[in-house]
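What follows is structure27.cif (mmCIF, N, CA and C atoms).
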data_protein
loop_
_atom_site.label_atom_id
_atom_site.label_comp_id
_atom_site.auth_asym_id
_atom_site.auth_seq_id
_atom_site.Cartn_x
_atom_site.Cartn_y
_atom_site.Cartn_z
N MET N 1 92.03 122.85 79.24
CA MET N 1 91.23 122.47 80.38
C MET N 1 92.12 122.01 81.53
N ASP N 2 93.16 121.26 81.20
CA ASP N 2 94.05 120.78 82.26
C ASP N 2 94.81 121.92 82.93
N THR N 3 95.11 122.97 82.18
CA THR N 3 95.79 124.12 82.76
C THR N 3 94.90 124.81 83.79
N ALA N 4 93.61 124.93 83.48
CA ALA N 4 92.67 125.55 84.43
C ALA N 4 92.58 124.73 85.70
N LEU N 5 92.54 123.40 85.58
CA LEU N 5 92.46 122.56 86.77
C LEU N 5 93.77 122.62 87.56
N ASP N 6 94.88 122.66 86.86
CA ASP N 6 96.17 122.80 87.56
C ASP N 6 96.21 124.10 88.36
N ARG N 7 95.72 125.17 87.78
CA ARG N 7 95.67 126.45 88.49
C ARG N 7 94.70 126.40 89.67
N ALA N 8 93.60 125.69 89.49
CA ALA N 8 92.60 125.56 90.56
C ALA N 8 93.15 124.78 91.75
N CYS N 9 94.13 123.94 91.50
CA CYS N 9 94.71 123.11 92.57
C CYS N 9 96.11 123.58 92.98
N ASP N 10 96.55 124.69 92.43
CA ASP N 10 97.89 125.22 92.72
C ASP N 10 97.88 125.93 94.07
N LEU N 11 98.53 125.32 95.04
CA LEU N 11 98.52 125.86 96.40
C LEU N 11 99.31 127.15 96.55
N SER N 12 100.12 127.50 95.55
CA SER N 12 100.86 128.76 95.61
C SER N 12 99.97 129.95 95.21
N LYS N 13 98.82 129.66 94.62
CA LYS N 13 97.87 130.70 94.24
C LYS N 13 96.97 131.05 95.43
N SER N 14 96.43 132.26 95.40
CA SER N 14 95.51 132.67 96.46
C SER N 14 94.18 131.94 96.30
N LYS N 15 93.38 131.95 97.36
CA LYS N 15 92.06 131.31 97.29
C LYS N 15 91.21 131.92 96.18
N LYS N 16 91.31 133.24 96.03
CA LYS N 16 90.55 133.94 95.00
C LYS N 16 90.97 133.48 93.60
N GLU N 17 92.28 133.31 93.40
CA GLU N 17 92.77 132.84 92.09
C GLU N 17 92.34 131.40 91.82
N ARG N 18 92.37 130.56 92.86
CA ARG N 18 91.94 129.17 92.69
C ARG N 18 90.45 129.10 92.38
N LEU N 19 89.66 129.95 93.03
CA LEU N 19 88.22 129.99 92.76
C LEU N 19 87.97 130.41 91.31
N ALA N 20 88.67 131.42 90.85
CA ALA N 20 88.52 131.87 89.46
C ALA N 20 88.91 130.75 88.49
N ALA N 21 89.96 130.01 88.83
CA ALA N 21 90.39 128.90 87.97
C ALA N 21 89.36 127.78 87.96
N ARG N 22 88.72 127.52 89.11
CA ARG N 22 87.66 126.51 89.16
C ARG N 22 86.49 126.93 88.26
N GLU N 23 86.15 128.20 88.29
CA GLU N 23 85.07 128.71 87.43
C GLU N 23 85.44 128.56 85.96
N LYS N 24 86.69 128.85 85.63
CA LYS N 24 87.17 128.70 84.25
C LYS N 24 87.11 127.23 83.83
N PHE N 25 87.49 126.35 84.75
CA PHE N 25 87.44 124.91 84.48
C PHE N 25 86.01 124.47 84.15
N THR N 26 85.05 124.93 84.94
CA THR N 26 83.65 124.55 84.67
C THR N 26 83.18 125.10 83.33
N GLU N 27 83.66 126.27 82.96
CA GLU N 27 83.31 126.83 81.64
C GLU N 27 83.83 125.92 80.53
N PHE N 28 85.09 125.45 80.67
CA PHE N 28 85.65 124.54 79.68
C PHE N 28 84.84 123.25 79.60
N VAL N 29 84.46 122.72 80.75
CA VAL N 29 83.69 121.48 80.79
C VAL N 29 82.37 121.65 80.04
N ASN N 30 81.71 122.75 80.26
CA ASN N 30 80.43 123.01 79.59
C ASN N 30 80.58 123.28 78.11
N LYS N 31 81.68 123.91 77.72
CA LYS N 31 81.87 124.34 76.34
C LYS N 31 82.27 123.19 75.41
N GLU N 32 83.12 122.31 75.87
CA GLU N 32 83.64 121.24 75.03
C GLU N 32 82.64 120.08 74.91
N ALA N 33 82.57 119.50 73.74
CA ALA N 33 81.65 118.38 73.52
C ALA N 33 81.99 117.19 74.42
N ASP N 34 83.26 116.91 74.56
CA ASP N 34 83.69 115.80 75.42
C ASP N 34 84.24 116.31 76.75
N GLY N 35 83.82 117.50 77.14
CA GLY N 35 84.31 118.12 78.37
C GLY N 35 84.12 117.30 79.63
N PRO N 36 82.92 116.75 79.86
CA PRO N 36 82.73 115.97 81.08
C PRO N 36 83.65 114.75 81.16
N GLN N 37 83.84 114.06 80.05
CA GLN N 37 84.70 112.88 80.05
C GLN N 37 86.15 113.25 80.36
N ILE N 38 86.63 114.32 79.74
CA ILE N 38 87.99 114.77 79.99
C ILE N 38 88.13 115.26 81.42
N ALA N 39 87.14 116.03 81.88
CA ALA N 39 87.18 116.58 83.24
C ALA N 39 87.27 115.49 84.29
N VAL N 40 86.49 114.43 84.12
CA VAL N 40 86.50 113.34 85.10
C VAL N 40 87.88 112.70 85.16
N LYS N 41 88.50 112.48 84.03
CA LYS N 41 89.86 111.88 84.01
C LYS N 41 90.85 112.79 84.74
N LEU N 42 90.75 114.10 84.47
CA LEU N 42 91.65 115.05 85.12
C LEU N 42 91.39 115.12 86.62
N LEU N 43 90.12 115.11 87.00
CA LEU N 43 89.77 115.18 88.42
C LEU N 43 90.24 113.94 89.17
N VAL N 44 90.12 112.78 88.55
CA VAL N 44 90.57 111.55 89.20
C VAL N 44 92.07 111.63 89.50
N ALA N 45 92.82 112.19 88.58
CA ALA N 45 94.26 112.34 88.81
C ALA N 45 94.54 113.21 90.04
N LYS N 46 93.75 114.27 90.22
CA LYS N 46 93.92 115.13 91.40
C LYS N 46 93.49 114.40 92.67
N LEU N 47 92.43 113.62 92.58
CA LEU N 47 91.94 112.90 93.74
C LEU N 47 92.93 111.82 94.19
N GLN N 48 93.74 111.33 93.29
CA GLN N 48 94.72 110.31 93.62
C GLN N 48 96.03 110.88 94.13
N SER N 49 96.12 112.18 94.25
CA SER N 49 97.34 112.83 94.71
C SER N 49 97.68 112.39 96.14
N THR N 50 98.96 112.22 96.40
CA THR N 50 99.39 111.89 97.76
C THR N 50 99.40 113.12 98.66
N ASN N 51 99.31 114.30 98.06
CA ASN N 51 99.24 115.55 98.81
C ASN N 51 97.77 115.81 99.15
N ALA N 52 97.45 115.77 100.43
CA ALA N 52 96.05 115.91 100.87
C ALA N 52 95.45 117.25 100.46
N GLU N 53 96.25 118.31 100.45
CA GLU N 53 95.72 119.63 100.08
C GLU N 53 95.35 119.68 98.60
N ILE N 54 96.15 119.05 97.76
CA ILE N 54 95.83 119.01 96.33
C ILE N 54 94.59 118.16 96.11
N CYS N 55 94.49 117.07 96.82
CA CYS N 55 93.29 116.22 96.74
C CYS N 55 92.06 117.03 97.15
N THR N 56 92.17 117.80 98.20
CA THR N 56 91.06 118.63 98.66
C THR N 56 90.67 119.66 97.61
N GLU N 57 91.66 120.28 96.99
CA GLU N 57 91.38 121.24 95.92
C GLU N 57 90.70 120.54 94.73
N GLY N 58 91.10 119.31 94.46
CA GLY N 58 90.45 118.52 93.42
C GLY N 58 88.99 118.26 93.75
N LEU N 59 88.72 117.98 95.02
CA LEU N 59 87.33 117.79 95.45
C LEU N 59 86.52 119.06 95.31
N LEU N 60 87.14 120.20 95.61
CA LEU N 60 86.46 121.48 95.44
C LEU N 60 86.15 121.75 93.96
N ALA N 61 87.09 121.38 93.09
CA ALA N 61 86.85 121.54 91.65
C ALA N 61 85.73 120.62 91.20
N CYS N 62 85.70 119.40 91.72
CA CYS N 62 84.63 118.47 91.40
C CYS N 62 83.29 119.03 91.87
N ASP N 63 83.27 119.58 93.08
CA ASP N 63 82.05 120.18 93.61
C ASP N 63 81.57 121.33 92.72
N ALA N 64 82.50 122.14 92.26
CA ALA N 64 82.15 123.26 91.38
C ALA N 64 81.52 122.74 90.08
N CYS N 65 82.05 121.65 89.57
CA CYS N 65 81.49 121.06 88.35
C CYS N 65 80.11 120.47 88.60
N VAL N 66 79.93 119.81 89.72
CA VAL N 66 78.61 119.24 90.04
C VAL N 66 77.58 120.36 90.13
N ARG N 67 77.97 121.47 90.71
CA ARG N 67 77.04 122.59 90.86
C ARG N 67 76.80 123.36 89.57
N GLY N 68 77.84 123.41 88.70
CA GLY N 68 77.74 124.31 87.56
C GLY N 68 77.75 123.70 86.17
N CYS N 69 77.86 122.38 86.08
CA CYS N 69 78.02 121.80 84.74
C CYS N 69 76.82 121.03 84.22
N GLY N 70 75.86 120.73 85.04
CA GLY N 70 74.64 120.13 84.54
C GLY N 70 74.66 118.63 84.30
N LYS N 71 73.65 118.19 83.56
CA LYS N 71 73.36 116.77 83.39
C LYS N 71 74.50 115.98 82.76
N ARG N 72 75.15 116.51 81.77
CA ARG N 72 76.23 115.75 81.11
C ARG N 72 77.33 115.40 82.12
N PHE N 73 77.68 116.34 82.97
CA PHE N 73 78.71 116.07 83.97
C PHE N 73 78.16 115.12 85.03
N HIS N 74 76.92 115.32 85.44
CA HIS N 74 76.30 114.44 86.44
C HIS N 74 76.28 113.00 85.95
N ASP N 75 75.94 112.81 84.69
CA ASP N 75 75.93 111.46 84.13
C ASP N 75 77.32 110.83 84.18
N GLU N 76 78.33 111.62 83.92
CA GLU N 76 79.70 111.10 83.90
C GLU N 76 80.18 110.72 85.30
N VAL N 77 79.91 111.56 86.29
CA VAL N 77 80.37 111.24 87.65
C VAL N 77 79.49 110.16 88.30
N GLY N 78 78.34 109.88 87.71
CA GLY N 78 77.48 108.83 88.23
C GLY N 78 77.88 107.45 87.75
N LYS N 79 78.87 107.38 86.89
CA LYS N 79 79.32 106.08 86.38
C LYS N 79 80.18 105.37 87.41
N PHE N 80 80.15 104.06 87.34
CA PHE N 80 80.88 103.23 88.30
C PHE N 80 82.37 103.57 88.34
N ARG N 81 82.96 103.84 87.19
CA ARG N 81 84.39 104.12 87.12
C ARG N 81 84.79 105.28 88.03
N PHE N 82 84.02 106.36 87.98
CA PHE N 82 84.33 107.52 88.82
C PHE N 82 84.01 107.25 90.28
N LEU N 83 82.86 106.64 90.52
CA LEU N 83 82.48 106.35 91.91
C LEU N 83 83.48 105.41 92.57
N ASN N 84 84.05 104.50 91.82
CA ASN N 84 85.06 103.60 92.35
C ASN N 84 86.28 104.37 92.86
N GLU N 85 86.62 105.47 92.21
CA GLU N 85 87.75 106.29 92.66
C GLU N 85 87.45 106.92 94.02
N PHE N 86 86.20 107.29 94.25
CA PHE N 86 85.83 107.83 95.55
C PHE N 86 85.93 106.77 96.64
N VAL N 87 85.55 105.55 96.31
CA VAL N 87 85.68 104.46 97.27
C VAL N 87 87.14 104.26 97.64
N LYS N 88 88.02 104.36 96.67
CA LYS N 88 89.45 104.19 96.92
C LYS N 88 89.98 105.27 97.87
N LEU N 89 89.37 106.45 97.87
CA LEU N 89 89.82 107.52 98.76
C LEU N 89 89.70 107.15 100.23
N VAL N 90 88.69 106.37 100.56
CA VAL N 90 88.42 106.07 101.97
C VAL N 90 88.68 104.62 102.35
N SER N 91 88.90 103.77 101.39
CA SER N 91 89.09 102.35 101.67
C SER N 91 90.52 102.07 102.13
N PRO N 92 90.69 101.40 103.27
CA PRO N 92 92.04 101.05 103.74
C PRO N 92 92.78 100.16 102.76
N LYS N 93 92.06 99.37 101.99
CA LYS N 93 92.66 98.48 101.01
C LYS N 93 93.46 99.25 99.97
N PHE N 94 93.01 100.45 99.66
CA PHE N 94 93.66 101.26 98.63
C PHE N 94 94.41 102.45 99.20
N GLY N 95 94.79 102.40 100.46
CA GLY N 95 95.53 103.51 101.06
C GLY N 95 94.64 104.59 101.61
N GLY N 96 93.40 104.27 101.89
CA GLY N 96 92.45 105.26 102.40
C GLY N 96 92.81 105.79 103.76
N GLY N 97 93.69 105.09 104.46
CA GLY N 97 94.12 105.57 105.78
C GLY N 97 94.83 106.90 105.74
N ARG N 98 95.48 107.19 104.62
CA ARG N 98 96.20 108.46 104.51
C ARG N 98 95.29 109.62 104.17
N THR N 99 94.04 109.31 103.75
CA THR N 99 93.08 110.38 103.49
C THR N 99 92.27 110.57 104.73
#

The structure in this file should be written as structure tokens.
Amino acid sequence: MDTALDRACDLSKSKKERLAAREKFTEFVNKEADGPQIAVKLLVAKLQSTNAEICTEGLLACDACVRGCGKRFHDEVGKFRFLNEFVKLVSPKFGGGRT
């Protein structure tokens, strides 16, 4: 699963390849019993990247999961732990100025 997300956020790949990798990532999330929990941890790592383009690709992967992974993923991203990471993206207290 982490390899698919790495490919989805790999800026050396074409947009088409990154899109295919995002689709593969969502398939892994849906297929694995603990897929949503693992996916959220992996996505948070991408969102915390100091490289804005990688962070953006992480957001696109998150969006793909929200659209394609269903209730289990929705429940996981609705938890305070994940939402707190989004707050950190924009909060000046946590370096939100660079985003």

Check: Using only N, CA and C atoms, what residues lie at most 6.5 Å away from (87.5, 126.6, 91.1) (file coordinates), given as a PyMOL selection string?
Finding: chain N and resi 8+18-25+60-61+64

Margin query: Once the PyMOL selection byres (((chain N and resi 30 and name CA) around 12) and name CA) has been evaluated on this model, what residues remain selected, and can you format them as an NGL selection string?
Written below: :N and (1 or 23-29 or 31-39 or 64-74)

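For the pair atom CA of Leu83 of chain N and atom CA of Leu43 of chain N, the interatomic distance is 12.0 Å.
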
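All residues of protein, DNA or RNA that reach within 7 Å of Leu59 of chain N, judged by all atoms listed in the file and not counting those fewer than 4 positions away in the chain, are Lys46, Leu47, Ile54, Cys55, Asp63 and Ala64 of chain N.
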
Just to be explicit: take each residue in the selection above, keep N, CA and C atoms, and write the result as a PDB file, in the frame of the given file.
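Printed below is out_33.pdb as written:
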ATOM      1  N   LYS N  46      93.750 114.270  90.220  1.00  0.00           N
ATOM      2  CA  LYS N  46      93.920 115.130  91.400  1.00  0.00           C
ATOM      3  C   LYS N  46      93.490 114.400  92.670  1.00  0.00           C
ATOM      4  N   LEU N  47      92.430 113.620  92.580  1.00  0.00           N
ATOM      5  CA  LEU N  47      91.940 112.900  93.740  1.00  0.00           C
ATOM      6  C   LEU N  47      92.930 111.820  94.190  1.00  0.00           C
ATOM      7  N   ILE N  54      96.150 119.050  97.760  1.00  0.00           N
ATOM      8  CA  ILE N  54      95.830 119.010  96.330  1.00  0.00           C
ATOM      9  C   ILE N  54      94.590 118.160  96.110  1.00  0.00           C
ATOM     10  N   CYS N  55      94.490 117.070  96.820  1.00  0.00           N
ATOM     11  CA  CYS N  55      93.290 116.220  96.740  1.00  0.00           C
ATOM     12  C   CYS N  55      92.060 117.030  97.150  1.00  0.00           C
ATOM     13  N   ASP N  63      83.270 119.580  93.080  1.00  0.00           N
ATOM     14  CA  ASP N  63      82.050 120.180  93.610  1.00  0.00           C
ATOM     15  C   ASP N  63      81.570 121.330  92.720  1.00  0.00           C
ATOM     16  N   ALA N  64      82.500 122.140  92.260  1.00  0.00           N
ATOM     17  CA  ALA N  64      82.150 123.260  91.380  1.00  0.00           C
ATOM     18  C   ALA N  64      81.520 122.740  90.080  1.00  0.00           C
TER      19      ALA N  64
END

If the PyMOL selection byres (((chain N and resi 11 and name CA) around 12) and name CA) were run on this exact file, what residues would it hold? Put them as a PDB file with N, CA and C atoms, in the coordinates of the input.
ATOM      1  N   LEU N   5      92.540 123.400  85.580  1.00  0.00           N
ATOM      2  CA  LEU N   5      92.460 122.560  86.770  1.00  0.00           C
ATOM      3  C   LEU N   5      93.770 122.620  87.560  1.00  0.00           C
ATOM      4  N   ASP N   6      94.880 122.660  86.860  1.00  0.00           N
ATOM      5  CA  ASP N   6      96.170 122.800  87.560  1.00  0.00           C
ATOM      6  C   ASP N   6      96.210 124.100  88.360  1.00  0.00           C
ATOM      7  N   ARG N   7      95.720 125.170  87.780  1.00  0.00           N
ATOM      8  CA  ARG N   7      95.670 126.450  88.490  1.00  0.00           C
ATOM      9  C   ARG N   7      94.700 126.400  89.670  1.00  0.00           C
ATOM     10  N   ALA N   8      93.600 125.690  89.490  1.00  0.00           N
ATOM     11  CA  ALA N   8      92.600 125.560  90.560  1.00  0.00           C
ATOM     12  C   ALA N   8      93.150 124.780  91.750  1.00  0.00           C
ATOM     13  N   CYS N   9      94.130 123.940  91.500  1.00  0.00           N
ATOM     14  CA  CYS N   9      94.710 123.110  92.570  1.00  0.00           C
ATOM     15  C   CYS N   9      96.110 123.580  92.980  1.00  0.00           C
ATOM     16  N   ASP N  10      96.550 124.690  92.430  1.00  0.00           N
ATOM     17  CA  ASP N  10      97.890 125.220  92.720  1.00  0.00           C
ATOM     18  C   ASP N  10      97.880 125.930  94.070  1.00  0.00           C
ATOM     19  N   SER N  12     100.120 127.500  95.550  1.00  0.00           N
ATOM     20  CA  SER N  12     100.860 128.760  95.610  1.00  0.00           C
ATOM     21  C   SER N  12      99.970 129.950  95.210  1.00  0.00           C
ATOM     22  N   LYS N  13      98.820 129.660  94.620  1.00  0.00           N
ATOM     23  CA  LYS N  13      97.870 130.700  94.240  1.00  0.00           C
ATOM     24  C   LYS N  13      96.970 131.050  95.430  1.00  0.00           C
ATOM     25  N   SER N  14      96.430 132.260  95.400  1.00  0.00           N
ATOM     26  CA  SER N  14      95.510 132.670  96.460  1.00  0.00           C
ATOM     27  C   SER N  14      94.180 131.940  96.300  1.00  0.00           C
ATOM     28  N   LYS N  15      93.380 131.950  97.360  1.00  0.00           N
ATOM     29  CA  LYS N  15      92.060 131.310  97.290  1.00  0.00           C
ATOM     30  C   LYS N  15      91.210 131.920  96.180  1.00  0.00           C
ATOM     31  N   LYS N  16      91.310 133.240  96.030  1.00  0.00           N
ATOM     32  CA  LYS N  16      90.550 133.940  95.000  1.00  0.00           C
ATOM     33  C   LYS N  16      90.970 133.480  93.600  1.00  0.00           C
ATOM     34  N   GLU N  17      92.280 133.310  93.400  1.00  0.00           N
ATOM     35  CA  GLU N  17      92.770 132.840  92.090  1.00  0.00           C
ATOM     36  C   GLU N  17      92.340 131.400  91.820  1.00  0.00           C
ATOM     37  N   ARG N  18      92.370 130.560  92.860  1.00  0.00           N
ATOM     38  CA  ARG N  18      91.940 129.170  92.690  1.00  0.00           C
ATOM     39  C   ARG N  18      90.450 129.100  92.380  1.00  0.00           C
ATOM     40  N   LEU N  19      89.660 129.950  93.030  1.00  0.00           N
ATOM     41  CA  LEU N  19      88.220 129.990  92.760  1.00  0.00           C
ATOM     42  C   LEU N  19      87.970 130.410  91.310  1.00  0.00           C
ATOM     43  N   ASN N  51      99.310 114.300  98.060  1.00  0.00           N
ATOM     44  CA  ASN N  51      99.240 115.550  98.810  1.00  0.00           C
ATOM     45  C   ASN N  51      97.770 115.810  99.150  1.00  0.00           C
ATOM     46  N   ALA N  52      97.450 115.770 100.430  1.00  0.00           N
ATOM     47  CA  ALA N  52      96.050 115.910 100.870  1.00  0.00           C
ATOM     48  C   ALA N  52      95.450 117.250 100.460  1.00  0.00           C
ATOM     49  N   GLU N  53      96.250 118.310 100.450  1.00  0.00           N
ATOM     50  CA  GLU N  53      95.720 119.630 100.080  1.00  0.00           C
ATOM     51  C   GLU N  53      95.350 119.680  98.600  1.00  0.00           C
ATOM     52  N   ILE N  54      96.150 119.050  97.760  1.00  0.00           N
ATOM     53  CA  ILE N  54      95.830 119.010  96.330  1.00  0.00           C
ATOM     54  C   ILE N  54      94.590 118.160  96.110  1.00  0.00           C
ATOM     55  N   CYS N  55      94.490 117.070  96.820  1.00  0.00           N
ATOM     56  CA  CYS N  55      93.290 116.220  96.740  1.00  0.00           C
ATOM     57  C   CYS N  55      92.060 117.030  97.150  1.00  0.00           C
ATOM     58  N   THR N  56      92.170 117.800  98.200  1.00  0.00           N
ATOM     59  CA  THR N  56      91.060 118.630  98.660  1.00  0.00           C
ATOM     60  C   THR N  56      90.670 119.660  97.610  1.00  0.00           C
ATOM     61  N   GLU N  57      91.660 120.280  96.990  1.00  0.00           N
ATOM     62  CA  GLU N  57      91.380 121.240  95.920  1.00  0.00           C
ATOM     63  C   GLU N  57      90.700 120.540  94.730  1.00  0.00           C
ATOM     64  N   GLY N  58      91.100 119.310  94.460  1.00  0.00           N
ATOM     65  CA  GLY N  58      90.450 118.520  93.420  1.00  0.00           C
ATOM     66  C   GLY N  58      88.990 118.260  93.750  1.00  0.00           C
TER      67      GLY N  58
END
